[in-house]
$ cat upload.cif   # mmCIF, C-alpha atoms
data_entry
#
loop_
_atom_site.label_atom_id
_atom_site.label_comp_id
_atom_site.auth_asym_id
_atom_site.auth_seq_id
_atom_site.Cartn_x
_atom_site.Cartn_y
_atom_site.Cartn_z
CA MET T 251 -102.43 -55.23 -80.92
CA ASN T 252 -101.28 -52.26 -83.01
CA ASP T 253 -101.25 -52.15 -86.83
CA ALA T 254 -97.57 -53.10 -87.18
CA ALA T 255 -97.96 -56.14 -84.91
CA ALA T 256 -101.12 -57.23 -86.77
CA ARG T 257 -99.27 -56.91 -90.10
CA ASN T 258 -96.40 -58.95 -88.65
CA PHE T 259 -98.77 -61.76 -87.71
CA GLU T 260 -100.53 -61.53 -91.08
CA TYR T 261 -97.24 -62.03 -92.95
CA LEU T 262 -96.18 -64.80 -90.55
CA ALA T 263 -99.40 -66.59 -91.49
CA TYR T 264 -98.60 -66.05 -95.20
CA GLY T 265 -95.18 -67.62 -94.59
CA LEU T 266 -96.58 -70.72 -92.88
CA ILE T 267 -99.26 -71.07 -95.57
CA ALA T 268 -96.65 -70.69 -98.33
CA VAL T 269 -94.53 -73.54 -96.91
CA TRP T 270 -97.53 -75.85 -96.83
CA VAL T 271 -98.82 -74.83 -100.24
CA ILE T 272 -95.40 -75.64 -101.76
CA LEU T 273 -95.15 -79.01 -100.01
CA VAL T 274 -98.76 -79.93 -100.82
CA ALA T 275 -98.15 -78.97 -104.47
CA TYR T 276 -95.15 -81.30 -104.53
CA VAL T 277 -97.17 -84.10 -102.90
CA LEU T 278 -99.86 -83.58 -105.56
CA THR T 279 -97.25 -84.02 -108.31
CA LEU T 280 -96.26 -87.31 -106.62
CA VAL T 281 -99.92 -88.39 -106.53
CA SER T 282 -100.38 -87.49 -110.20
CA ARG T 283 -97.19 -89.40 -111.14
CA GLU T 284 -98.46 -92.42 -109.19
CA GLY T 285 -101.71 -92.27 -111.18
CA LYS T 286 -99.77 -92.19 -114.47
CA ILE T 287 -97.67 -95.19 -113.42
CA ARG T 288 -100.82 -97.16 -112.55
CA ALA T 289 -102.37 -96.23 -115.90
CA GLN T 290 -99.21 -97.42 -117.69
CA ILE T 291 -99.31 -100.71 -115.76
CA ASP T 292 -102.93 -101.23 -116.85
CA VAL T 293 -102.05 -100.54 -120.50
CA LEU T 294 -99.11 -102.95 -120.34
CA ARG T 295 -101.24 -105.62 -118.67
CA ARG T 296 -103.83 -105.33 -121.42
CA MET T 297 -101.11 -105.48 -124.08
CA MET T 298 -99.66 -108.63 -122.52
CA GLU T 299 -103.10 -110.20 -122.28
CA ASP T 300 -103.66 -109.43 -125.97
CA HIS T 301 -100.34 -111.07 -126.79
CA GLY T 302 -101.29 -114.08 -124.67
CA LYS T 303 -98.35 -113.63 -122.35
CA LEU T 304 -100.33 -113.79 -119.14
CA MET H 809 -93.80 -103.17 -93.93
CA LYS H 810 -91.90 -100.29 -95.50
CA GLN H 811 -95.16 -98.43 -96.10
CA LYS H 812 -96.15 -98.86 -92.45
CA ILE H 813 -92.82 -97.36 -91.37
CA LEU H 814 -93.42 -94.40 -93.69
CA TYR H 815 -96.94 -93.89 -92.31
CA ALA H 816 -95.57 -94.06 -88.75
CA LEU H 817 -92.87 -91.51 -89.58
CA GLY H 818 -95.53 -89.28 -91.15
CA VAL H 819 -97.66 -89.39 -88.02
CA VAL H 820 -94.64 -88.64 -85.79
CA ALA H 821 -93.64 -85.71 -88.04
CA ALA H 822 -97.20 -84.30 -88.08
CA LEU H 823 -97.48 -84.53 -84.29
CA LEU H 824 -94.10 -82.91 -83.73
CA LEU H 825 -94.91 -80.15 -86.16
CA THR H 826 -98.30 -79.46 -84.56
CA ARG H 827 -96.66 -79.26 -81.15
CA ASN H 828 -93.91 -76.98 -82.48
CA ILE H 829 -96.34 -74.59 -84.19
CA TRP H 830 -98.46 -74.42 -81.06
CA THR H 831 -95.38 -73.75 -78.89
CA MET H 832 -93.92 -71.13 -81.23
CA LEU H 833 -97.22 -69.23 -81.46
CA THR H 834 -98.26 -69.41 -77.82
CA LYS H 835 -95.16 -69.92 -75.65
CA LEU H 836 -92.25 -68.23 -77.39
CA PRO H 837 -92.05 -64.45 -76.95
CA ASP H 838 -91.81 -62.08 -79.92
CA GLU H 839 -88.27 -61.13 -80.90
CA ALA H 840 -87.46 -57.65 -79.52
CA PHE H 841 -86.75 -55.90 -82.85
CA GLN H 842 -88.58 -57.99 -85.44
CA GLY H 843 -91.75 -58.95 -83.58
CA ALA H 844 -93.88 -61.94 -84.58
CA ILE H 845 -92.46 -62.27 -88.11
CA PHE H 846 -89.19 -63.51 -86.57
CA ARG H 847 -90.90 -66.90 -86.08
CA ILE H 848 -90.64 -67.49 -89.81
CA ILE H 849 -86.99 -68.40 -89.16
CA PHE H 850 -88.21 -71.69 -87.60
CA PHE H 851 -89.28 -72.76 -91.10
CA HIS H 852 -86.93 -70.67 -93.27
CA VAL H 853 -83.68 -72.07 -91.84
CA PRO H 854 -84.74 -75.76 -91.42
CA CYS H 855 -86.03 -75.69 -95.02
CA ALA H 856 -82.61 -74.39 -96.15
CA PHE H 857 -80.79 -77.07 -94.11
CA THR H 858 -83.03 -79.78 -95.56
CA CYS H 859 -82.55 -78.44 -99.09
CA PHE H 860 -78.75 -78.41 -98.76
CA LEU H 861 -78.73 -81.87 -97.15
CA CYS H 862 -80.79 -83.20 -100.07
CA PHE H 863 -78.37 -81.61 -102.55
CA PHE H 864 -75.43 -83.12 -100.64
CA MET H 865 -77.08 -86.56 -100.83
CA THR H 866 -77.56 -85.97 -104.56
CA LEU H 867 -73.83 -85.29 -104.85
CA ILE H 868 -72.98 -88.55 -103.02
CA ALA H 869 -75.47 -90.47 -105.18
CA ALA H 870 -74.04 -88.92 -108.37
CA ILE H 871 -70.48 -89.94 -107.43
CA ALA H 872 -71.73 -93.41 -106.43
CA TYR H 873 -73.53 -93.76 -109.78
CA LEU H 874 -70.48 -92.75 -111.79
CA SER H 875 -68.32 -95.28 -109.95
CA THR H 876 -70.81 -98.20 -109.82
CA HIS H 877 -73.21 -97.56 -112.77
CA ASN H 878 -76.01 -98.84 -110.54
CA LEU H 879 -79.26 -97.08 -111.54
CA LYS H 880 -80.51 -97.21 -107.94
CA TRP H 881 -78.13 -94.32 -107.19
CA ASP H 882 -79.62 -92.37 -110.08
CA ALA H 883 -83.12 -92.95 -108.69
CA PHE H 884 -81.94 -91.72 -105.30
CA ALA H 885 -80.29 -88.65 -106.86
CA VAL H 886 -83.40 -87.53 -108.74
CA SER H 887 -85.62 -88.14 -105.70
CA ALA H 888 -83.37 -86.14 -103.37
CA THR H 889 -83.06 -83.33 -105.94
CA GLU H 890 -86.82 -82.97 -106.33
CA VAL H 891 -87.40 -82.92 -102.58
CA GLY H 892 -84.48 -80.51 -102.13
CA LEU H 893 -86.01 -78.19 -104.72
CA ALA H 894 -89.37 -78.22 -102.90
CA PHE H 895 -87.70 -77.23 -99.62
CA GLY H 896 -85.47 -74.73 -101.45
CA ALA H 897 -88.59 -73.07 -102.87
CA ALA H 898 -90.09 -72.94 -99.36
CA ASN H 899 -86.86 -71.34 -98.11
CA LEU H 900 -86.87 -68.69 -100.85
CA VAL H 901 -90.55 -67.83 -100.44
CA THR H 902 -90.44 -67.59 -96.63
CA GLY H 903 -87.33 -65.40 -96.95
CA MET H 904 -89.16 -63.07 -99.33
CA ILE H 905 -92.14 -62.79 -96.97
CA TRP H 906 -89.80 -61.99 -94.06
CA ALA H 907 -87.95 -59.43 -96.21
CA ARG H 908 -91.20 -57.67 -97.14
CA ILE H 909 -91.78 -56.84 -93.48
CA ILE H 910 -88.21 -56.27 -92.26
CA TRP H 911 -86.58 -54.67 -95.33
CA GLY H 912 -89.76 -53.32 -96.93
CA ILE H 913 -89.01 -55.15 -100.19
CA TRP H 914 -89.75 -58.63 -101.49
CA TRP H 915 -86.36 -59.20 -103.10
CA THR H 916 -82.91 -57.71 -103.48
CA TRP H 917 -80.01 -58.90 -105.65
CA ASP H 918 -77.91 -59.58 -102.57
CA TRP H 919 -75.14 -62.26 -102.65
CA ARG H 920 -77.02 -64.76 -100.48
CA LEU H 921 -80.40 -64.39 -102.16
CA THR H 922 -78.97 -64.39 -105.67
CA SER H 923 -76.67 -67.37 -105.09
CA MET H 924 -79.55 -69.36 -103.55
CA LEU H 925 -81.74 -68.55 -106.54
CA VAL H 926 -78.96 -69.55 -108.95
CA CYS H 927 -78.44 -72.79 -107.00
CA TRP H 928 -82.19 -73.55 -107.15
CA LEU H 929 -82.27 -72.84 -110.89
CA LEU H 930 -79.25 -75.09 -111.51
CA TYR H 931 -80.96 -78.03 -109.78
CA ALA H 932 -84.19 -77.25 -111.64
CA GLY H 933 -82.06 -77.41 -114.81
CA TYR H 934 -80.89 -80.85 -113.69
CA LEU H 935 -84.52 -82.05 -113.82
CA VAL H 936 -85.07 -80.43 -117.21
CA LEU H 937 -81.91 -82.12 -118.52
CA ARG H 938 -83.18 -85.50 -117.31
CA ASP H 939 -86.47 -85.02 -119.14
CA ALA H 940 -84.60 -84.25 -122.36
CA ILE H 941 -82.66 -87.55 -122.50
CA GLU H 942 -84.47 -90.79 -123.35
CA GLU H 943 -81.77 -93.41 -122.89
CA PRO H 944 -81.61 -94.31 -119.15
CA THR H 945 -77.85 -94.88 -118.72
CA GLU H 946 -76.93 -91.80 -120.77
CA ARG H 947 -79.49 -89.78 -118.80
CA ALA H 948 -78.10 -91.04 -115.49
CA ARG H 949 -74.48 -90.32 -116.52
CA LEU H 950 -75.09 -86.75 -117.74
CA ALA H 951 -77.41 -86.00 -114.82
CA ALA H 952 -74.72 -87.18 -112.38
CA VAL H 953 -72.16 -84.87 -113.98
CA MET H 954 -74.63 -81.96 -113.93
CA SER H 955 -75.44 -82.68 -110.29
CA ILE H 956 -71.76 -82.63 -109.26
CA LEU H 957 -71.25 -79.33 -111.09
CA SER H 958 -74.40 -77.86 -109.52
CA PHE H 959 -73.23 -78.72 -106.02
CA SER H 960 -70.22 -76.42 -106.46
CA VAL H 961 -72.61 -73.49 -105.83
CA VAL H 962 -73.87 -74.83 -102.47
CA PRO H 963 -70.79 -73.87 -100.34
CA PHE H 964 -70.91 -70.46 -102.01
CA VAL H 965 -74.56 -70.02 -100.94
CA PHE H 966 -73.80 -71.21 -97.42
CA PHE H 967 -70.73 -69.03 -96.79
CA SER H 968 -71.73 -65.99 -98.89
CA ILE H 969 -72.92 -64.14 -95.77
CA LYS H 970 -69.44 -64.56 -94.26
CA TRP H 971 -67.42 -63.87 -97.40
CA PHE H 972 -69.30 -60.79 -98.64
CA ARG H 973 -71.09 -57.75 -97.25
CA THR H 974 -74.73 -58.73 -97.58
CA GLN H 975 -78.10 -57.40 -96.62
CA HIS H 976 -79.04 -60.88 -95.43
CA PRO H 977 -78.62 -61.27 -91.63
CA GLN H 978 -75.30 -62.66 -90.43
CA PRO H 979 -75.17 -66.27 -89.18
CA VAL H 980 -76.78 -66.78 -85.78
CA LEU H 981 -76.05 -70.48 -85.35
CA TYR H 982 -72.31 -70.56 -85.94
CA GLY H 983 -69.34 -68.19 -85.95
CA GLY H 984 -69.82 -65.14 -83.75
CA GLY H 985 -73.64 -65.21 -84.04
CA LYS H 986 -75.91 -65.43 -81.04
CA MET H 987 -79.42 -66.73 -80.60
CA ASP H 988 -81.45 -67.20 -77.44
CA SER H 989 -81.42 -70.86 -76.36
CA ALA H 990 -85.26 -71.12 -76.48
CA TYR H 991 -85.24 -69.96 -80.11
CA ARG H 992 -82.30 -72.25 -80.93
CA ILE H 993 -84.10 -75.29 -79.44
CA MET H 994 -87.22 -74.45 -81.44
CA LEU H 995 -85.21 -74.02 -84.64
CA TYR H 996 -83.47 -77.39 -84.36
CA GLY H 997 -86.65 -78.96 -82.93
CA ASN H 998 -88.60 -77.87 -85.99
CA TRP H 999 -85.89 -79.25 -88.28
CA VAL H 1000 -86.68 -82.79 -87.04
CA PRO H 1001 -90.26 -83.07 -88.46
CA ILE H 1002 -89.22 -81.21 -91.63
CA LEU H 1003 -86.38 -83.69 -92.11
CA LEU H 1004 -88.78 -86.59 -91.47
CA PHE H 1005 -91.12 -85.25 -94.17
CA ALA H 1006 -88.15 -85.02 -96.54
CA VAL H 1007 -87.18 -88.64 -95.83
CA ILE H 1008 -90.77 -89.80 -96.46
CA LEU H 1009 -91.03 -87.86 -99.72
CA ILE H 1010 -87.67 -89.19 -100.96
CA ALA H 1011 -88.72 -92.77 -100.12
CA ILE H 1012 -92.04 -92.39 -101.98
CA ARG H 1013 -90.35 -90.77 -105.00
CA MET H 1014 -87.69 -93.50 -105.12
CA GLY H 1015 -90.40 -96.17 -105.17
CA GLN H 1016 -92.05 -94.41 -108.12
CA GLU H 1017 -88.74 -94.13 -109.97
CA ARG H 1018 -88.08 -97.86 -109.47
CA ARG H 1019 -91.54 -98.83 -110.74
CA GLN H 1020 -91.22 -96.49 -113.72
CA ARG H 1021 -87.86 -98.06 -114.63
CA GLU H 1022 -89.31 -101.57 -114.37
CA LEU H 1023 -92.25 -100.50 -116.54
CA ASP H 1024 -89.97 -99.03 -119.20
CA ALA H 1025 -87.88 -102.22 -119.26
CA LEU H 1026 -91.03 -104.34 -119.61
CA ARG H 1027 -92.35 -102.11 -122.39
CA ARG H 1028 -89.06 -102.44 -124.31
CA GLU H 1029 -89.26 -106.23 -123.85
CA ILE H 1030 -92.81 -106.33 -125.21
CA HIS H 1031 -91.94 -104.15 -128.20
CA ALA H 1032 -88.94 -106.39 -128.93
CA PHE H 1033 -91.30 -109.34 -129.68
#
$ encode --input "upload.cif" --output "structure tokens"
Amino acid sequence: MNDAAARNFEYLAYGLIAVWVILVAYVLTLVSREGKIRAQIDVLRRMMEDHGKL
Amino acid sequence: MKQKILYALGVVAALLLTRNIWTMLTKLPDEAFQGAIFRIIFFHVPCAFTCFLCFFMTLIAAIAYLSTHNLKWDAFAVSATEVGLAFGAANLVTGMIWARIIWGIWWTWDWRLTSMLVCWLLYAGYLVLRDAIEEPTERARLAAVMSILSFSVVPFVFFSIKWFRTQHPQPVLYGGGKMDSAYRIMLYGNWVPILLFAVILIAIRMGQERRQRELDALRREIHAF
């Protein structure tokens, strides 16, 4: 494989990695949002328990 | 049940994608002029298709919200926009990596590239606008209007390579463009798992939006006492 072909493959790998990094980053934002929602549910549950609503 | 369907779709998408990557790296020949980097088109174009499809669904959801005032449509619109933006970003970045090898530059202010960037920024603005408005119905109404206005750029992005002289390659899937059938099958074949991932992500995001809305309603109820 000559230098140009090797560089081609190198950049192809960067492209594939970039797609997955972007999608994984988005999935991580979903995971973090899920964690925040769960934390809010816990806070609300405690508030309702304090108010004797449960 | 719904979660099991999503898991099953995820497994199918992952298997298809693994098979496609293996086939494109080991079975498909290099393109005569571009070499190995040509294979980036199998992600670049399906990501663009998925992005535009998401934005089109956002448009439908925005119109549906304005005519029904059902907040489910708003939840769908924001979910599809976010996922569309993720795939739009993947499209822009893969295009830049391809351009670095083929054109020798990362970016040029060409009609297609610039209009795609403007389109992406408009939809990113849609998310910023949503964050700035507290009241849910007002937020949904203004976001729907913004989404309809933003979609006006999408046909411009899509047809810019036909309407203007651009550095971006001419269409190879429609019009007078040509593409070898093996490449064409791989391109559409790779769109399937990418589309499945988009569906899964939209479904997960919609679930979160629904739960967040229920939580906000409950919180308002508690504070009202």
$ atom_distance --input "upload.cif" --atom1 "atom CA of Val891 of chain H" --atom2 "atom CA of Leu937 of chain H"
16.9 Å
$ closest_residue --input "upload.cif" --among "T:Val277, T:Ala254, T:Met298, T:Leu262" --to "Ile849 of chain H" --atoms "only C-alpha atoms"
T:Leu262
$ interface_residues --input "upload.cif" --of "chain T" --to "chain H" --cutoff "6 Å" --atoms "only C-alpha atoms" --output "PyMOL selection string"
chain T and resi 258-259+262+265+269
$ atom_distance --input "upload.cif" --atom1 "atom CA of Asp292 of chain T" --atom2 "atom CA of Ala1025 of chain H"
15.3 Å
$ residues_around --input "upload.cif" --residues "Phe864 of chain H" --least-positions-apart "4" --cutoff "8 Å" --atoms "only C-alpha atoms" --output "PyMOL selection string"
chain H and resi 860+868+959
$ residues_around --input "upload.cif" --residues "Leu935 of chain H" --least-positions-apart "5" --cutoff "12 Å" --atoms "all atoms listed in the file" --output "list in words"
Ala885, Val886, Ser887, Ala888, Thr889, Glu890, Val891, Gly892, Leu893, Trp928, Leu929, Leu930, Ala940, Ile941, Arg947, Ala948, Leu950, Ala951, Ala952, Met954, Ser955 and Ser958 of chain H
$ axis_aligned_box --input "upload.cif" --around "segment 264-275 of chain T" --padding-each-side "5 Å" --output "AutoDock Vina command-line options"
--center_x -96.9 --center_y -73.0 --center_z -98.7 --size_x 14.7 --size_y 23.9 --size_z 21.6
$ resolve_selection --input "upload.cif" --expression "the PyMOL selection byres ((chain H and resi 818) around 10)" --output "CSV table (one decimal) with C-alpha atoms, keeping the file's coordinate frame"
chain,number,residue,atom,x,y,z
H,812,LYS,CA,-96.2,-98.9,-92.4
H,813,ILE,CA,-92.8,-97.4,-91.4
H,814,LEU,CA,-93.4,-94.4,-93.7
H,815,TYR,CA,-96.9,-93.9,-92.3
H,816,ALA,CA,-95.6,-94.1,-88.8
H,817,LEU,CA,-92.9,-91.5,-89.6
H,819,VAL,CA,-97.7,-89.4,-88.0
H,820,VAL,CA,-94.6,-88.6,-85.8
H,821,ALA,CA,-93.6,-85.7,-88.0
H,822,ALA,CA,-97.2,-84.3,-88.1
H,823,LEU,CA,-97.5,-84.5,-84.3
H,824,LEU,CA,-94.1,-82.9,-83.7
H,1001,PRO,CA,-90.3,-83.1,-88.5
H,1004,LEU,CA,-88.8,-86.6,-91.5
H,1005,PHE,CA,-91.1,-85.2,-94.2
H,1007,VAL,CA,-87.2,-88.6,-95.8
H,1008,ILE,CA,-90.8,-89.8,-96.5
H,1009,LEU,CA,-91.0,-87.9,-99.7
$ atom_distance --input "upload.cif" --atom1 "atom CA of Asp939 of chain H" --atom2 "atom CA of Trp881 of chain H"
17.3 Å
$ residues_around --input "upload.cif" --residues "segment 918-921 of chain H" --least-positions-apart "2" --cutoff "7 Å" --atoms "only C-alpha atoms" --output "list in words"
Thr916, Ser923, Met924, Leu925, Val965, Ser968, Ile969, Thr974, Gln975 and His976 of chain H
$ residues_around --input "upload.cif" --residues "Arg1028 of chain H" --least-positions-apart "6" --cutoff "12 Å" --atoms "all atoms listed in the file" --output "MDAnalysis selection string"
(chainID T and resid 294) or (chainID H and resid 943 1021:1022)
